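Engineer: Structure in structure tokens, see below.
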Amino acid sequence: MIRTRFAPSPTGYLHIGGARTALFSWAFARHHAGQFILRIEDTDVARSTPEAVQAIIDGMNWLGLTHDEGPFYQMQRMDRYKEVIKKMLASGTAYYCYTTPEELDRMRDEQRSQGLKPRYDGTWRPEAGKTLPPAPSGVQPVVRFKNPTEGVVGWDDLVKGRIEIANSELDDLIIARQDGTPTYNFCVVVDDWDMRITHVIRGDDHVNNTPRQINILKALDAEVPLYAHLSMILGDDGQKLSKRHGAVSVMQYHEDGYLPEAVLNYLARLGWSHGDDEIFSMREFCGWFDLDHITPSAAQFNTEKLNWLNAHYIKQADNARLADLVKPRLEARGVTVAQSPSLEAIISLYKERITNLNELADAAEVFYIDLTPTPEILAQHLTPESLPALRDFVAGIAEVSWEAPAINALIKHCIGAHGLKMPKLAMPLRVLLTGQAQTPSVDALITLFPRELVLKRLAVAQTI
Ligand code: GLU
């Protein structure tokens, strides 16, 4: 049974790199009919906040990355970590170290001044035949892991290939602080062990932790999971993705009017490919996803491509669903969505031409608010040339049958009667009705409105 996990630290929001890690871990579990576990690594109490936990859960929910177990909180598992530390002390795979932080600082300074790599000198490390100094009174010890000194520790990374490091390069890691609280790498190890994780899929900022974690797992006689370290995501400009690049929080994409399926499809292609396939559903993705087709090189963010995918998914989306998504956006702007014109009908006409839900809200808003054209707009579009045709049109629509072909015929009749080209009438109609010069075809646009509203918005033609 394949078991993967997503283990974010709740210190900010769910960012786009974290979401990609979550997606790959989730998809790998789904592909193998395995289980996906959510674990909140909240032991950094100074930086972890309940808001950040909520932001992670909201982001995962929005994307639909459902977990089978959890969320587990490390802060609720302290007793378990302490129990394992006790066992390691008893079995001799860990030991108390009374070297104080000040002594450590001095030790490191001295080593540096001699051109040596700074490291713990092993004073308190028990060895066969070695007599340890007597424990100083009044010093709270830390607990260190007794790292092997010989040989290498390595793993076949499922993305990066073989990685090895000599044990002599690794210090004896502190696994419990002076106050007895377990440290980060240790909690991860106990959790991956207890949660029977088979595949650890995570960002490659953790590659340096892996040899230490493997050594501790081995000391615990635990099965070592397989590791897949994902390369980082770079911004559009090739620099490490950061706030400078705009929206890096997943929920910011929600705010900015992206559909979750567009974000997921986009994230899926960040460092993974399936031939030339660009547009696919999560069902297809889970069917295809494997670790063999993850690129070891960094993936580059491409906002244009995300926008293209979002436009695609908006076109595909059901109008009623889009209306449900756009309505709260309008309400948040203080716009009351009336029964008529129908929001669904507006969306149906506009969704072909926009990239995100906020643009859809922009387009819909003008149907529900009082529009007062500015004097500049009136001067520009209600010219002596256009006005007579516009007035004929206003007279005509009081009677015309309320459907696009009839309205189109009326427009043609009015421009024909005055020897005008289409834009001379269409432009004033567009700006008076919507305040915008760019709209879908004007006959279709008009049928979205109730007749009275069109008459009201065009009334200015009679008063000029
Ligand atoms: N909590 C770590 C992070 O947010 C992830 C640890 C892991 O996946 O092993 O970067």
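Following the order of the structure tokens, first chain is A, next is B, and so on, with residues numbered from 1 inside each chain and ligands from 1 in the order they appear.
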Give me the residues near stretch 177-185 of chain A as a list in words, where near means some atom within 10 Å (using only C-alpha atoms) and where sequence neighbours in that chain fewer than 6 positions away do not count.
Structural biologist: Glu41, Asp42, Thr43, Asp44, Gln74, Met78, Asp79, Tyr81, Lys82, Ile85, Tyr96, Cys97, Tyr98, Thr100, Pro101, Val139, Gln140, Pro141, Val142, Val143, Arg144, His206, Asn209, Thr210, Arg212, Gln213 and Ile216 of chain A
Engineer: Go through the chains and note each residue within 6 Å of ligand 1, using only C-alpha atoms and all ligand atoms, then give the set as a list in words.
Structural biologist: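 Protein and nucleic-acid residues within 6 Å of ligand 1: Ala7, Pro8, Ser9, Glu41 and Arg202 of chain A.
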Engineer: Show me a table, sorted first by chain and then by increasing residue number, of the residues of stretch 190-308 of chain A having an atom at most 12 Å from stretch 316-331 of chain A, each with its shortest atom pair and the distance in Å to one decimal, counting only C-alpha atoms and written as JSON lines.
Structural biologist:
{"residue": "A:His254", "atom": "CA", "partner": "A:Leu325", "partner_atom": "CA", "distance": 10.3}
{"residue": "A:Glu255", "atom": "CA", "partner": "A:Arg329", "partner_atom": "CA", "distance": 9.1}
{"residue": "A:Asp256", "atom": "CA", "partner": "A:Arg329", "partner_atom": "CA", "distance": 10.4}
{"residue": "A:Gly257", "atom": "CA", "partner": "A:Val326", "partner_atom": "CA", "distance": 8.8}
{"residue": "A:Tyr258", "atom": "CA", "partner": "A:Leu325", "partner_atom": "CA", "distance": 10.4}
{"residue": "A:Leu259", "atom": "CA", "partner": "A:Leu325", "partner_atom": "CA", "distance": 9.4}
{"residue": "A:Pro260", "atom": "CA", "partner": "A:Ala317", "partner_atom": "CA", "distance": 11.6}
{"residue": "A:Glu261", "atom": "CA", "partner": "A:Ala317", "partner_atom": "CA", "distance": 10.2}
{"residue": "A:Ala262", "atom": "CA", "partner": "A:Gln316", "partner_atom": "CA", "distance": 11.0}
{"residue": "A:Ile279", "atom": "CA", "partner": "A:Gln316", "partner_atom": "CA", "distance": 11.9}
Engineer: Where does DSSP see strand (DSSP E or B) in stretch 43-250 of chain A, if you list the residues as a PDB file with N, CA and C atoms, in the first residue's frame?
Structural biologist:
ATOM      1  N   GLU A  69      -6.043  10.644   5.675  1.00  0.00           N
ATOM      2  CA  GLU A  69      -5.791  10.629   7.122  1.00  0.00           C
ATOM      3  C   GLU A  69      -5.259  11.989   7.535  1.00  0.00           C
ATOM      4  N   GLY A  70      -5.582  12.360   8.759  1.00  0.00           N
ATOM      5  CA  GLY A  70      -5.127  13.637   9.277  1.00  0.00           C
ATOM      6  C   GLY A  70      -6.220  14.672   9.213  1.00  0.00           C
ATOM      7  N   PRO A  71      -5.936  15.971   9.365  1.00  0.00           N
ATOM      8  CA  PRO A  71      -4.575  16.456   9.616  1.00  0.00           C
ATOM      9  C   PRO A  71      -4.057  16.039  11.005  1.00  0.00           C
ATOM     10  N   PHE A  72      -2.806  15.577  11.006  1.00  0.00           N
ATOM     11  CA  PHE A  72      -2.107  15.299  12.256  1.00  0.00           C
ATOM     12  C   PHE A  72      -1.289  16.542  12.601  1.00  0.00           C
ATOM     13  N   TYR A  73      -1.269  16.873  13.868  1.00  0.00           N
ATOM     14  CA  TYR A  73      -0.506  18.041  14.316  1.00  0.00           C
ATOM     15  C   TYR A  73       0.663  17.564  15.155  1.00  0.00           C
ATOM     16  N   ALA A  94      21.198   7.267  21.244  1.00  0.00           N
ATOM     17  CA  ALA A  94      21.201   8.708  21.538  1.00  0.00           C
ATOM     18  C   ALA A  94      21.844   8.898  22.907  1.00  0.00           C
ATOM     19  N   TYR A  95      22.327  10.089  23.188  1.00  0.00           N
ATOM     20  CA  TYR A  95      23.001  10.333  24.474  1.00  0.00           C
ATOM     21  C   TYR A  95      22.803  11.767  24.927  1.00  0.00           C
ATOM     22  N   TYR A  96      22.950  11.967  26.237  1.00  0.00           N
ATOM     23  CA  TYR A  96      22.872  13.310  26.800  1.00  0.00           C
ATOM     24  C   TYR A  96      24.175  14.044  26.526  1.00  0.00           C
ATOM     25  N   CYS A  97      24.054  15.288  26.166  1.00  0.00           N
ATOM     26  CA  CYS A  97      25.244  16.101  25.928  1.00  0.00           C
ATOM     27  C   CYS A  97      25.122  17.363  26.766  1.00  0.00           C
ATOM     28  N   VAL A 142      21.187  18.521  26.365  1.00  0.00           N
ATOM     29  CA  VAL A 142      20.405  18.225  25.164  1.00  0.00           C
ATOM     30  C   VAL A 142      20.565  16.733  24.895  1.00  0.00           C
ATOM     31  N   VAL A 143      19.752  16.195  23.988  1.00  0.00           N
ATOM     32  CA  VAL A 143      19.947  14.795  23.579  1.00  0.00           C
ATOM     33  C   VAL A 143      20.456  14.812  22.142  1.00  0.00           C
ATOM     34  N   ARG A 144      21.553  14.081  21.930  1.00  0.00           N
ATOM     35  CA  ARG A 144      22.096  13.979  20.572  1.00  0.00           C
ATOM     36  C   ARG A 144      21.916  12.576  20.023  1.00  0.00           C
ATOM     37  N   PHE A 145      21.719  12.521  18.724  1.00  0.00           N
ATOM     38  CA  PHE A 145      21.679  11.237  18.025  1.00  0.00           C
ATOM     39  C   PHE A 145      23.118  10.775  17.794  1.00  0.00           C
ATOM     40  N   VAL A 152      29.024   5.396   4.318  1.00  0.00           N
ATOM     41  CA  VAL A 152      28.253   6.461   3.682  1.00  0.00           C
ATOM     42  C   VAL A 152      26.768   6.218   3.922  1.00  0.00           C
ATOM     43  N   VAL A 153      26.013   7.287   3.859  1.00  0.00           N
ATOM     44  CA  VAL A 153      24.563   7.145   3.866  1.00  0.00           C
ATOM     45  C   VAL A 153      24.083   7.666   2.511  1.00  0.00           C
ATOM     46  N   GLY A 154      23.217   6.898   1.882  1.00  0.00           N
ATOM     47  CA  GLY A 154      22.788   7.301   0.541  1.00  0.00           C
ATOM     48  C   GLY A 154      21.401   6.791   0.232  1.00  0.00           C
ATOM     49  N   TRP A 155      20.837   7.307  -0.826  1.00  0.00           N
ATOM     50  CA  TRP A 155      19.534   6.824  -1.289  1.00  0.00           C
ATOM     51  C   TRP A 155      19.413   7.074  -2.778  1.00  0.00           C
ATOM     52  N   ASP A 156      18.551   6.283  -3.408  1.00  0.00           N
ATOM     53  CA  ASP A 156      18.286   6.480  -4.836  1.00  0.00           C
ATOM     54  C   ASP A 156      17.097   7.407  -4.943  1.00  0.00           C
ATOM     55  N   ASP A 157      17.395   8.672  -5.087  1.00  0.00           N
ATOM     56  CA  ASP A 157      16.311   9.644  -5.143  1.00  0.00           C
ATOM     57  C   ASP A 157      15.496   9.413  -6.420  1.00  0.00           C
ATOM     58  N   GLY A 161      18.170  10.907  -8.665  1.00  0.00           N
ATOM     59  CA  GLY A 161      19.136   9.820  -8.820  1.00  0.00           C
ATOM     60  C   GLY A 161      19.889   9.566  -7.518  1.00  0.00           C
ATOM     61  N   ARG A 162      21.011   8.848  -7.621  1.00  0.00           N
ATOM     62  CA  ARG A 162      21.744   8.439  -6.418  1.00  0.00           C
ATOM     63  C   ARG A 162      22.358   9.655  -5.713  1.00  0.00           C
ATOM     64  N   ILE A 163      22.156   9.746  -4.401  1.00  0.00           N
ATOM     65  CA  ILE A 163      22.796  10.789  -3.602  1.00  0.00           C
ATOM     66  C   ILE A 163      23.460  10.103  -2.408  1.00  0.00           C
ATOM     67  N   GLU A 164      24.717  10.439  -2.163  1.00  0.00           N
ATOM     68  CA  GLU A 164      25.437   9.817  -1.047  1.00  0.00           C
ATOM     69  C   GLU A 164      26.231  10.861  -0.290  1.00  0.00           C
ATOM     70  N   ILE A 165      26.427  10.605   0.998  1.00  0.00           N
ATOM     71  CA  ILE A 165      27.276  11.490   1.780  1.00  0.00           C
ATOM     72  C   ILE A 165      28.007  10.633   2.821  1.00  0.00           C
ATOM     73  N   ALA A 166      29.250  10.976   3.077  1.00  0.00           N
ATOM     74  CA  ALA A 166      30.028  10.218   4.068  1.00  0.00           C
ATOM     75  C   ALA A 166      29.502  10.545   5.458  1.00  0.00           C
ATOM     76  N   ILE A 174      21.308  17.191  17.316  1.00  0.00           N
ATOM     77  CA  ILE A 174      20.512  17.365  18.540  1.00  0.00           C
ATOM     78  C   ILE A 174      19.075  16.950  18.222  1.00  0.00           C
ATOM     79  N   ILE A 175      18.560  15.983  18.974  1.00  0.00           N
ATOM     80  CA  ILE A 175      17.175  15.550  18.713  1.00  0.00           C
ATOM     81  C   ILE A 175      16.210  16.045  19.798  1.00  0.00           C
ATOM     82  N   ALA A 176      16.759  16.445  20.963  1.00  0.00           N
ATOM     83  CA  ALA A 176      15.902  17.112  21.971  1.00  0.00           C
ATOM     84  C   ALA A 176      16.682  18.278  22.553  1.00  0.00           C
ATOM     85  N   PRO A 182      11.471  18.000  21.280  1.00  0.00           N
ATOM     86  CA  PRO A 182      12.161  17.362  20.162  1.00  0.00           C
ATOM     87  C   PRO A 182      12.413  18.344  19.024  1.00  0.00           C
ATOM     88  N   HIS A 199       6.549   6.758   0.450  1.00  0.00           N
ATOM     89  CA  HIS A 199       7.216   7.664  -0.484  1.00  0.00           C
ATOM     90  C   HIS A 199       7.168   9.089   0.069  1.00  0.00           C
ATOM     91  N   VAL A 200       8.334   9.632   0.339  1.00  0.00           N
ATOM     92  CA  VAL A 200       8.409  11.016   0.802  1.00  0.00           C
ATOM     93  C   VAL A 200       8.655  11.884  -0.433  1.00  0.00           C
ATOM     94  N   ILE A 201       7.634  12.635  -0.822  1.00  0.00           N
ATOM     95  CA  ILE A 201       7.747  13.538  -1.986  1.00  0.00           C
ATOM     96  C   ILE A 201       7.749  14.947  -1.411  1.00  0.00           C
ATOM     97  N   ARG A 202       8.836  15.666  -1.581  1.00  0.00           N
ATOM     98  CA  ARG A 202       8.933  16.997  -0.963  1.00  0.00           C
ATOM     99  C   ARG A 202       9.909  17.867  -1.747  1.00  0.00           C
ATOM    100  N   GLY A 203      10.001  19.122  -1.352  1.00  0.00           N
ATOM    101  CA  GLY A 203      10.865  20.071  -2.043  1.00  0.00           C
ATOM    102  C   GLY A 203      12.334  19.744  -1.814  1.00  0.00           C
ATOM    103  N   LEU A 226      11.062   5.647   0.394  1.00  0.00           N
ATOM    104  CA  LEU A 226      11.731   6.137  -0.808  1.00  0.00           C
ATOM    105  C   LEU A 226      11.550   7.658  -0.829  1.00  0.00           C
ATOM    106  N   TYR A 227      12.523   8.340  -1.401  1.00  0.00           N
ATOM    107  CA  TYR A 227      12.480   9.807  -1.417  1.00  0.00           C
ATOM    108  C   TYR A 227      12.443  10.339  -2.841  1.00  0.00           C
ATOM    109  N   ALA A 228      11.626  11.349  -3.042  1.00  0.00           N
ATOM    110  CA  ALA A 228      11.585  12.056  -4.331  1.00  0.00           C
ATOM    111  C   ALA A 228      11.644  13.542  -4.009  1.00  0.00           C
ATOM    112  N   HIS A 229      12.742  14.186  -4.359  1.00  0.00           N
ATOM    113  CA  HIS A 229      12.899  15.617  -4.056  1.00  0.00           C
ATOM    114  C   HIS A 229      12.636  16.455  -5.305  1.00  0.00           C
ATOM    115  N   LEU A 230      11.631  17.297  -5.197  1.00  0.00           N
ATOM    116  CA  LEU A 230      11.203  18.104  -6.344  1.00  0.00           C
ATOM    117  C   LEU A 230      12.024  19.384  -6.424  1.00  0.00           C
ATOM    118  N   ILE A 233      10.622  25.960  -7.944  1.00  0.00           N
ATOM    119  CA  ILE A 233       9.933  26.651  -9.037  1.00  0.00           C
ATOM    120  C   ILE A 233      10.519  28.054  -9.148  1.00  0.00           C
ATOM    121  N   LEU A 234      10.905  28.420 -10.346  1.00  0.00           N
ATOM    122  CA  LEU A 234      11.443  29.760 -10.580  1.00  0.00           C
ATOM    123  C   LEU A 234      10.330  30.666 -11.111  1.00  0.00           C
ATOM    124  N   LYS A 240      14.318  32.785  -8.211  1.00  0.00           N
ATOM    125  CA  LYS A 240      13.544  31.967  -7.264  1.00  0.00           C
ATOM    126  C   LYS A 240      12.173  32.630  -7.034  1.00  0.00           C
ATOM    127  N   SER A 249       0.640  32.910  -3.174  1.00  0.00           N
ATOM    128  CA  SER A 249      -0.251  32.157  -2.301  1.00  0.00           C
ATOM    129  C   SER A 249      -1.377  31.566  -3.143  1.00  0.00           C
TER     130      SER A 249
END
Engineer: Excluding A:Lys456 and its own-chain neighbours fewer than 4 positions away, which residues fall within 10 Å of it when counting only C-alpha atoms? Please give them as a list of chain:residue names.
Structural biologist: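 The residues satisfying every condition are A:Val394, A:Leu432, A:Leu433, A:Arg451, A:Glu452, A:Val460.
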Engineer: I need the residues of stretch 238-403 of chain A that end up classed as alpha helix (DSSP H) by DSSP on the backbone, written out as a VMD selection string.
Structural biologist: chain A and resid 250 to 255 260 to 268 282 to 288 303 to 316 319 to 332 343 to 350 357 to 368 375 to 381 387 to 397
Engineer: Looking at A:Asn61, A:Leu425, A:Trp288, A:Asp362, which one is nearest to A:Asp392, with distances taken over only C-alpha atoms?
Structural biologist: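 Closest to A:Asp392, using only C-alpha atoms: A:Leu425.
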Engineer: Show me a table, sorted first by chain and then by increasing residue number, of the residues of stretch 135-224 of chain A having an atom at most 12 Å from stretch 114-123 of chain A, each with its shortest atom pair and the distance in Å to one decimal, counting only C-alpha atoms and written as JSON lines.
Structural biologist:
{"residue": "A:Ala135", "atom": "CA", "partner": "A:Thr123", "partner_atom": "CA", "distance": 11.3}
{"residue": "A:Arg144", "atom": "CA", "partner": "A:Gly122", "partner_atom": "CA", "distance": 9.9}
{"residue": "A:Phe145", "atom": "CA", "partner": "A:Gly122", "partner_atom": "CA", "distance": 11.1}
{"residue": "A:Lys146", "atom": "CA", "partner": "A:Gly122", "partner_atom": "CA", "distance": 9.6}
{"residue": "A:Asn147", "atom": "CA", "partner": "A:Gly122", "partner_atom": "CA", "distance": 10.7}
{"residue": "A:Thr149", "atom": "CA", "partner": "A:Gly122", "partner_atom": "CA", "distance": 11.1}
{"residue": "A:Ser168", "atom": "CA", "partner": "A:Arg119", "partner_atom": "CA", "distance": 10.9}
{"residue": "A:Glu169", "atom": "CA", "partner": "A:Lys117", "partner_atom": "CA", "distance": 9.4}
{"residue": "A:Leu170", "atom": "CA", "partner": "A:Arg119", "partner_atom": "CA", "distance": 8.8}
{"residue": "A:Asp171", "atom": "CA", "partner": "A:Arg119", "partner_atom": "CA", "distance": 6.4}
{"residue": "A:Asp172", "atom": "CA", "partner": "A:Tyr120", "partner_atom": "CA", "distance": 7.3}
{"residue": "A:Leu173", "atom": "CA", "partner": "A:Tyr120", "partner_atom": "CA", "distance": 9.2}
{"residue": "A:Ile174", "atom": "CA", "partner": "A:Tyr120", "partner_atom": "CA", "distance": 10.2}
Engineer: Would you mind listing what lies within 8 Å of A:Leu349 as number ranges by chain, with only C-alpha atoms counted and same-chain residues fewer than 5 positions away left out?
Structural biologist: A: 440, 444-445
Engineer: Using only C-alpha atoms, can you tell me which of A:Ala437, A:Ala361, A:Ile2, A:Leu420 comes closest to A:Thr198?
Structural biologist: A:Ile2
Engineer: What is the distance between atom CA of A:Tyr313 and atom CA of A:Ala345, in Å to one decimal?
Structural biologist: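 Separation of atom CA of A:Tyr313 and atom CA of A:Ala345: 17.8 Å.
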Engineer: What is the distance between atom CA of A:Gly271 and atom CA of A:Ile294, in Å to one decimal?
Structural biologist: 5.5 Å
